[in-house]
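Down below is the structure, laid out as structure tokens.
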Amino acid sequence: MDLSIFGIQSTTTALVAVLSGLALVFLGLWLAGLIGPRSYAPQKGEAYECGIPTRGKSMVQFKVGYYLFAILFLMFDVEAVFLFPWAVIAKSMGTESILAVAVFLCVLVLGLAYAWRKGALEWK
Amino acid sequence: MNTFDFSIVTTWFDNLLNGVMPLWLTTVIECLLIGVGLILVYALLALFYIYYERKLCGAFQCRLGPNRVGPFGLLQSFADMFKILIKELIPINNIDKFLFGLAPYLVIASSFTAFAVLPWGRGLQIIDFNIGVFFLIAVSSIGVLGILLAGWSSNNKFTLIGALRSGAQMVSYELSIGLSVMTIVLLAGTMSVTELVEGQEHLWYIFQGHIPAIIAFLIYIVAGTAETNRGPFDLPEAESELTAGYHTEYSGIHFGYFYLAEYLNLFIVSGVATLLFFGGWMPLHIPGCEGFNNVMDYIPSVVWFVGKAIILSAVIIWFKWTFPRLRIDQLLAFEWKYLLPFNLVNLVLMLIVVAFGWHF
């Protein structure tokens, strides 16, 4: 089950892929630290903002509009997780699958319509 | 079916190693081989893509593009890579050091794993879960975490705005990607990458599913462009407003990794489009045209896959030079008020086509 190249388990190869990605970043940073130049000046560490010194903190609370979209995203992403297994077997179920998913999609579309009507999709 | 099967080579190698050493050592050596191979292909493709995009940009703007370093400027991106390696990694004041360092690791690891799921050729499948494409969507969405961390930890207002824009954009357009992938999964009846490719042996899914598949492809390619922060959707790093967006404070190779991931994500997006709509590594077959099909079969499967992906990336690069940049409210409205409802309708359309057997 789930055998990939060389007959290795896919979980192992997935781990190999993650680790080699991490290794690529680590090796590159190590190499750059080794051969890159180093110098010190007090202005060098300043935040890059068009040459003017930064005023106040930058790690601040931010516009709530982004948060609304994140919540909407959560709703639809969970919906996608539910729909994927259905999509795999829908073909073998035939016309029955239309009825099976119609109710689910209706509720979902109602949710989107509600968010739209409430103005959550407007950028203010 | 004349295409060369790479599993012949890998099985032969596996047996060869098993003959002279214990099983665990064979597995370790093969894992190392996979890792090194992935890193090499990843880096070389990134270098090629940088050259490719610059040449194409040049062509779109009636100029030559890079042509000084090496023949036709082919060594330009190698020169760029060495230059970026010998640049200083500038330490910034008041940053969150841990998160600042963590961000490139997350971005690269996520794009690397998504990269390994792609079907490279017959028998060249590195990660082959039975939930293949679902796994691919899941891992590639981890990248947005890295971008948000990079922007927030840099202690800079430009990076914060860039990161939040990027986060809102990427999570929104991910829905469209997920739904258009689902449309094809509905047609194919499987999520496994190998089975998806094998289902397209006689006819690609974009032809099998005709109208809904073509709509799904159009939605996918638009959402994919937004997902990679490119083209008309490059608000997170709108140069004229935000200097460089979420990676303003990164320098040298640290910045290079974000750049690398961005180019490779372009390849991954076009690779997934190839896998889902254009037959993966399957050659182009016209039903009933035996002579033509036999000629196409002689082209190796790797060439088919990479070739199709590169041609699709050219389309995405073309978008960039055709459309002006959107505003953030237009961008989000486009996704939530147009693409998403269209996508849901398209899913139902595909369902009807599949349920009544109207597909080819």
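Residue numbering restarts at 1 in every chain; chains get A, B, ... in the order shown in the structure tokens, and ligands count up from 1 in that same order.
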Show which residues sit within 12 Å of Leu34 of chain A, as a PDB file with C-alpha atoms, in the first residue's frame. Count only C-alpha atoms, and ignore same-chain residues fewer than 5 positions away.
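Final file, out-v8.pdb:
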ATOM      1  CA  LEU A  27      23.291  24.151   4.151  1.00  0.00           C
ATOM      2  CA  GLY A  28      22.780  27.322   2.138  1.00  0.00           C
ATOM      3  CA  LEU A  29      22.648  29.533   5.239  1.00  0.00           C
TER       4      LEU A  29
ATOM      5  CA  LEU B  85      25.708  33.255  -1.759  1.00  0.00           C
ATOM      6  CA  ILE B  86      28.563  35.663  -1.030  1.00  0.00           C
ATOM      7  CA  LYS B  87      26.251  38.455   0.181  1.00  0.00           C
ATOM      8  CA  GLU B  88      26.186  39.362   3.853  1.00  0.00           C
ATOM      9  CA  LEU B  89      23.286  38.184   6.045  1.00  0.00           C
TER      10      LEU B  89
END
Please return, as a VMD selection string, all residues of segment 110-271 of chain B that DSSP assigns to alpha helix (DSSP H) on the basis of the backbone. chain B and resid 110 to 117 132 to 140 143 to 153 157 to 188 193 to 198 205 to 208 210 to 227 239 to 242 252 to 271
Spatial neighbours of Leu112 of chain A, max dist 10 Å, only C-alpha atoms, sep filter under 4 positions, as a PyMOL selection string: (chain A and resi 72+75-76+106-108+116-118+120-121) or (chain B and resi 336-337+340-341)
For a quick check of understanding, using only C-alpha atoms, which of B:Thr26, B:Pro119, B:Ser154, B:Thr248 has the smallest distance to Phe98 of chain B? B:Ser154
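With only C-alpha atoms as the atoms that count, the minimum distance from chain B to the choices A:Leu68, A:Leu110, A:Val16, A:Val78 is reached by A:Val16.
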For chain B, the closest of A:Gly21, A:Gly65, A:Gly119, A:Pro85 counting only C-alpha atoms is A:Gly21
Would you kindly return, as a VMD selection string, each protein, DNA or RNA residue with an atom no farther than 9 Å from any atom of segment 95-101 of chain A, considering only C-alpha atoms and excluding same-chain residues fewer than 3 positions away? (chain A and resid 83 86 89 to 92 104 to 106) or (chain B and resid 348 351 to 352 354 to 356)
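For Leu187 of chain B, the set of protein, DNA and RNA residues having any atom at most 9 Å away, when counting only C-alpha atoms and skipping those fewer than 5 positions along the same chain, is Ala87, Val88, Ala90 and Lys91 of chain A; Met182, Tyr205, Gln208, Gly209, Ala213, Met350, Leu351, Val353, Val354 and His359 of chain B.
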Please find the residues of chain A near chain B - the criterion being any atom within 7 Å, counting only C-alpha atoms - and write them as a PyMOL selection string. chain A and resi 2-6+10+13-14+16-18+20-22+24-25+29+32+35-38+45-48+58-59+66+69-70+73+76-77+80+84+87-91+94-95+98+121+123
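Across the model, the gap from atom CA of Pro53 of chain A to atom CA of Ala41 of chain A is 15.3 Å.
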